[in-house]
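Right, one structure below, let's go through it.
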Amino acid sequence: MTRRMLYLPALIVAAVLMACAVVVLALSEKAEATFPGKNGRIAYASYAERCRLCLVGYPGHDPEIYTINPNGRGKFQLTHNNEIDLEPSYSPNGQRIAYASLGADDQEIYTINLNGSGKTKVTNNTKEDDSPAYSPDGKRIAYTTYGEPDSEIYTIKAGGGGRINVTDNGTEDYEPSYSPDGKKIAYECKDGNDWEICTINAGGGGKTKVTNNNRDEQNASFSPDGKRIAYAGSDGHDYEIYMINASGKDKIQLTHNNNDDFEPSYSPNGKRIAYRGLAGLDDKCDCPMDIYTIKVVGGGKTKVTNTDNAYEFQSSWGSRP
């Protein structure tokens, strides 16, 4: 499975923790636009074991896709198979979910109904495809294709076919997120030795750098009104959730703790952000992850998932169908 390894916070220096971090960081990818509407359920991936020392990958159980109410009730398992299902992304009308699934051969993009029926294969090639994100009209899906020596952002019809290479620049690009008007795609772009948030026209061209510093930014997520982008950024100590104007001005830090926060996803009404919080690594290499929400003005942190011995990660907040 081709997965990009991300920055490891400086405090995690002990060798016993490094083995666990391989698993943690391999899961640190995901964010996409949330489209305006009434708040619906939150989709996420769940892996039913914590990482243990020297266990690399997904021992014991495969990740599956779940949905849950924002208050933490009504958990529902959407996928049931022996494949690795990750990175759910709600359609604009809240009626389908796109996700990445790794089978015996490679990883492809699929879509599925909210009750688990109607599974449709969208991509079909020999490369690794992941990080799907719907366009605001629901007709196309943006995603990342991993290649050598670079990775690019593509779009494809939601039913398959009509693939377009959006970035096509010979560098490493990841994690697309459509703007609500469908004109732009935000994504993570390689800038020298670090990662920044960039935008590009949905048909290609017009690349603009939104963030510009010597630290890593990732998991870009457009707000429902298209004015701001939430992302996970390194402050040199750990990762926190930030917001910034789509023009690159007025950066705001939303979370403030000593743990890592990733994968922001706005609520459809634009008032809260769901994200994945990592509670820290202990000397036994336990790495609990849960989904949280927080107000877009900061504060009001709420824990959504709370499953023992599990990763809960890669949230997508859907509109009410």
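Starting from 1 in every chain, residues are counted up; chains themselves are A, B, ... following the order of the structure tokens, and ligands are numbered from 1 as listed.
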So which residues touch region 264-270 of chain A within 9 Å, counting only C-alpha atoms, skipping near sequence neighbours fewer than 3 positions away, as a ChimeraX atom specification? /A:30-40,42,219-225,230-232,241-242,261,273-276,293,296,314-320
Restricting the output to N, CA and C atoms, write the selected residues as a CSV table (one decimal), in the first residue's frame.
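Everything below was put into out-v4.csv:
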```csv
chain,number,residue,atom,x,y,z
A,30,LYS,N,-6.6,13.4,5.1
A,30,LYS,CA,-8.0,13.5,4.7
A,30,LYS,C,-8.5,14.8,5.1
A,31,ALA,N,-9.2,15.4,4.2
A,31,ALA,CA,-10.0,16.5,4.4
A,31,ALA,C,-10.7,16.9,3.1
A,32,GLU,N,-11.9,17.4,3.1
A,32,GLU,CA,-12.5,17.8,1.9
A,32,GLU,C,-13.5,18.9,2.2
A,33,ALA,N,-14.1,19.5,1.1
A,33,ALA,CA,-15.0,20.6,1.3
A,33,ALA,C,-16.3,20.0,2.0
A,34,THR,N,-17.0,20.9,2.7
A,34,THR,CA,-18.3,20.7,3.2
A,34,THR,C,-19.2,21.7,2.5
A,35,PHE,N,-20.3,21.2,2.0
A,35,PHE,CA,-21.2,22.0,1.2
A,35,PHE,C,-22.4,22.5,2.1
A,36,PRO,N,-22.9,23.7,1.8
A,36,PRO,CA,-23.9,24.3,2.6
A,36,PRO,C,-25.2,23.5,2.8
A,37,GLY,N,-25.8,23.5,3.9
A,37,GLY,CA,-27.0,22.7,4.2
A,37,GLY,C,-27.2,22.6,5.7
A,38,LYS,N,-28.2,21.7,6.0
A,38,LYS,CA,-28.5,21.4,7.4
A,38,LYS,C,-27.5,20.3,7.9
A,39,ASN,N,-27.0,20.4,9.1
A,39,ASN,CA,-26.1,19.5,9.6
A,39,ASN,C,-26.7,18.0,9.6
A,40,GLY,N,-25.9,17.1,9.0
A,40,GLY,CA,-26.3,15.7,9.0
A,40,GLY,C,-25.3,14.9,9.9
A,42,ILE,N,-21.8,12.4,10.6
A,42,ILE,CA,-20.4,12.5,10.4
A,42,ILE,C,-19.9,11.1,10.0
A,219,ASN,N,-4.3,18.6,4.9
A,219,ASN,CA,-5.7,18.4,5.1
A,219,ASN,C,-6.6,19.7,4.8
A,220,ALA,N,-6.4,20.3,3.7
A,220,ALA,CA,-7.2,21.5,3.4
A,220,ALA,C,-8.7,21.2,3.3
A,221,SER,N,-9.5,22.0,3.8
A,221,SER,CA,-11.0,21.8,3.8
A,221,SER,C,-11.6,23.2,3.6
A,222,PHE,N,-12.3,23.4,2.5
A,222,PHE,CA,-13.1,24.6,2.2
A,222,PHE,C,-14.3,24.8,3.2
A,223,SER,N,-14.5,26.0,3.6
A,223,SER,CA,-15.7,26.2,4.4
A,223,SER,C,-16.9,26.2,3.5
A,224,PRO,N,-18.2,26.0,4.0
A,224,PRO,CA,-19.4,26.0,3.2
A,224,PRO,C,-19.6,27.3,2.4
A,225,ASP,N,-19.1,28.4,2.9
A,225,ASP,CA,-19.3,29.7,2.1
A,225,ASP,C,-18.1,29.9,1.2
A,230,ALA,N,-9.9,25.5,6.3
A,230,ALA,CA,-9.4,24.9,7.5
A,230,ALA,C,-8.3,23.9,7.1
A,231,TYR,N,-7.3,23.7,8.0
A,231,TYR,CA,-6.2,22.8,7.7
A,231,TYR,C,-5.5,22.4,9.0
A,232,ALA,N,-4.7,21.3,9.0
A,232,ALA,CA,-3.9,21.0,10.1
A,232,ALA,C,-2.5,21.5,9.8
A,241,ILE,N,-5.3,22.6,14.6
A,241,ILE,CA,-6.2,23.0,13.5
A,241,ILE,C,-6.2,24.5,13.4
A,242,TYR,N,-6.1,25.0,12.1
A,242,TYR,CA,-6.1,26.4,11.8
A,242,TYR,C,-7.2,26.7,10.8
A,261,ASP,N,-3.7,17.2,16.2
A,261,ASP,CA,-5.0,17.3,15.7
A,261,ASP,C,-4.9,17.4,14.1
A,273,ILE,N,-16.4,22.6,13.4
A,273,ILE,CA,-15.4,21.8,12.6
A,273,ILE,C,-15.2,20.5,13.3
A,274,ALA,N,-15.4,19.4,12.5
A,274,ALA,CA,-15.0,18.1,13.0
A,274,ALA,C,-13.5,17.8,12.7
A,275,TYR,N,-12.9,17.1,13.6
A,275,TYR,CA,-11.5,16.8,13.3
A,275,TYR,C,-11.1,15.5,14.1
A,276,ARG,N,-9.9,15.0,13.8
A,276,ARG,CA,-9.4,13.8,14.5
A,276,ARG,C,-8.3,14.2,15.4
A,293,THR,N,-15.5,17.7,17.7
A,293,THR,CA,-15.9,18.9,17.0
A,293,THR,C,-15.6,20.1,17.9
A,296,VAL,N,-16.1,27.2,15.2
A,296,VAL,CA,-15.2,27.8,14.3
A,296,VAL,C,-14.6,29.1,14.9
A,314,GLN,N,-10.4,10.5,10.1
A,314,GLN,CA,-10.8,10.8,8.7
A,314,GLN,C,-12.3,11.2,8.6
A,315,SER,N,-12.7,12.2,9.4
A,315,SER,CA,-14.1,12.6,9.4
A,315,SER,C,-14.5,13.4,8.2
A,316,SER,N,-15.8,13.2,7.8
A,316,SER,CA,-16.5,14.0,6.8
A,316,SER,C,-17.9,14.3,7.3
A,317,TRP,N,-18.2,15.6,7.4
A,317,TRP,CA,-19.5,16.0,7.9
A,317,TRP,C,-20.4,16.3,6.8
A,318,GLY,N,-21.5,15.5,6.8
A,318,GLY,CA,-22.4,15.5,5.6
A,318,GLY,C,-23.7,16.4,5.9
A,319,SER,N,-24.3,16.8,4.8
A,319,SER,CA,-25.6,17.5,4.9
A,319,SER,C,-26.7,16.5,5.2
A,320,ARG,N,-27.8,17.0,5.8
A,320,ARG,CA,-28.9,16.1,6.0
A,320,ARG,C,-29.6,15.8,4.7
```
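Taking only C-alpha atoms, the non-local environment of region 299-313 of chain A within 6 Å (same-chain residues fewer than 2 positions away omitted) comprises Tyr44, Ala45, Ser46, Tyr47, Ala48, Glu49, Arg50, Gly72, Arg276, Pro288, Met289, Asp290, Ile291, Tyr292, Thr293, Ile294, Lys295 and Ser315 of chain A.
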With C-alpha atoms retained, could you export that selection as a short mmCIF file (atom, residue, chain, number, x, y, z; two decimals), in the first residue's frame?
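Output file result01.cif is given in full below:
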```
data_model
loop_
_atom_site.label_atom_id
_atom_site.label_comp_id
_atom_site.auth_asym_id
_atom_site.auth_seq_id
_atom_site.Cartn_x
_atom_site.Cartn_y
_atom_site.Cartn_z
CA TYR A 44 -15.35 8.37 9.48
CA ALA A 45 -13.05 5.39 9.27
CA SER A 46 -12.59 3.11 12.27
CA TYR A 47 -9.91 0.56 12.89
CA ALA A 48 -10.74 -1.74 15.78
CA GLU A 49 -7.33 -2.09 17.40
CA ARG A 50 -4.82 0.35 18.82
CA GLY A 72 -22.11 10.66 19.40
CA ARG A 276 -9.41 13.82 14.45
CA PRO A 288 -6.00 6.34 20.78
CA MET A 289 -7.71 8.53 18.18
CA ASP A 290 -11.22 9.97 18.29
CA ILE A 291 -13.41 12.37 16.35
CA TYR A 292 -14.07 15.74 17.99
CA THR A 293 -15.91 18.92 17.02
CA ILE A 294 -15.08 22.51 17.91
CA LYS A 295 -16.66 25.91 17.23
CA SER A 315 -14.10 12.56 9.40
#
```
Interatomic distance between CA of Gln253 (chain A) and CA of Cys189 (chain A)? 20.7 Å
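Reported to one decimal place, the separation of CA of Arg163 (chain A) from CA of Lys184 (chain A) is 16.9 Å.
Distances to Asp137 (chain A) were evaluated for A:Ile197, A:Ile68, A:Ala158, A:Ile97 using only C-alpha atoms, and the minimum falls at A:Ala158.
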Point-to-point distance in Å for CA of Gly170 (chain A) and CA of Thr144 (chain A): 13.4 Å
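Backbone DSSP of region 5-231 of chain A yields alpha helix (DSSP H) at Ala15, Val16, Leu17, Met18, Ala19, Cys20, Ala21, Val22, Val23, Val24, Leu25 and Ala26 of chain A.
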Spatial neighbours of Asn124 (chain A), max dist 12 Å, only C-alpha atoms, sep filter under 4 positions, as an MDAnalysis selection string: chainID A and resid 100:103 105:110 120 128:129 145 156 159:161 163
Measuring between only C-alpha atoms, which one of A:Thr255, A:Asn113, A:Asn201, A:Asn169 shows the shortest distance to Ala98 (chain A)? A:Asn113
For the strand (DSSP E) assignment from backbone DSSP, which residues of region 136-247 of chain A qualify? Please present them as a ChimeraX atom specification. /A:140-146,151-157,164-165,173-178,184-191,194-201,208-209,217-222,228-234,239-245
Which residues, written as a CSV table (one decimal) with C-alpha atoms, in the first residue's frame, have at least one atom at most 7 Å from Asp62 (chain A), with only C-alpha atoms counted and residues fewer than 4 positions away on the same chain left out?
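Result file is result-v8.csv:
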```
chain,number,residue,atom,x,y,z
A,47,TYR,CA,-9.9,0.6,12.9
A,58,TYR,CA,-3.6,-3.0,10.1
A,82,ASN,CA,-12.0,-7.8,4.2
A,83,GLU,CA,-10.7,-4.8,2.4
A,84,ILE,CA,-9.2,-1.6,3.9
```
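The residue set within 8 Å of Gly226 (chain A), counting only C-alpha atoms and dropping same-chain residues fewer than 5 places from it, reads Ser179, Pro180, Asp181 and Ala246 of chain A.
Among the candidates A:Arg41, A:Gln218, A:Ser177, A:Lys227, the one nearest to Gly74 (chain A) when counting only C-alpha atoms is A:Arg41.
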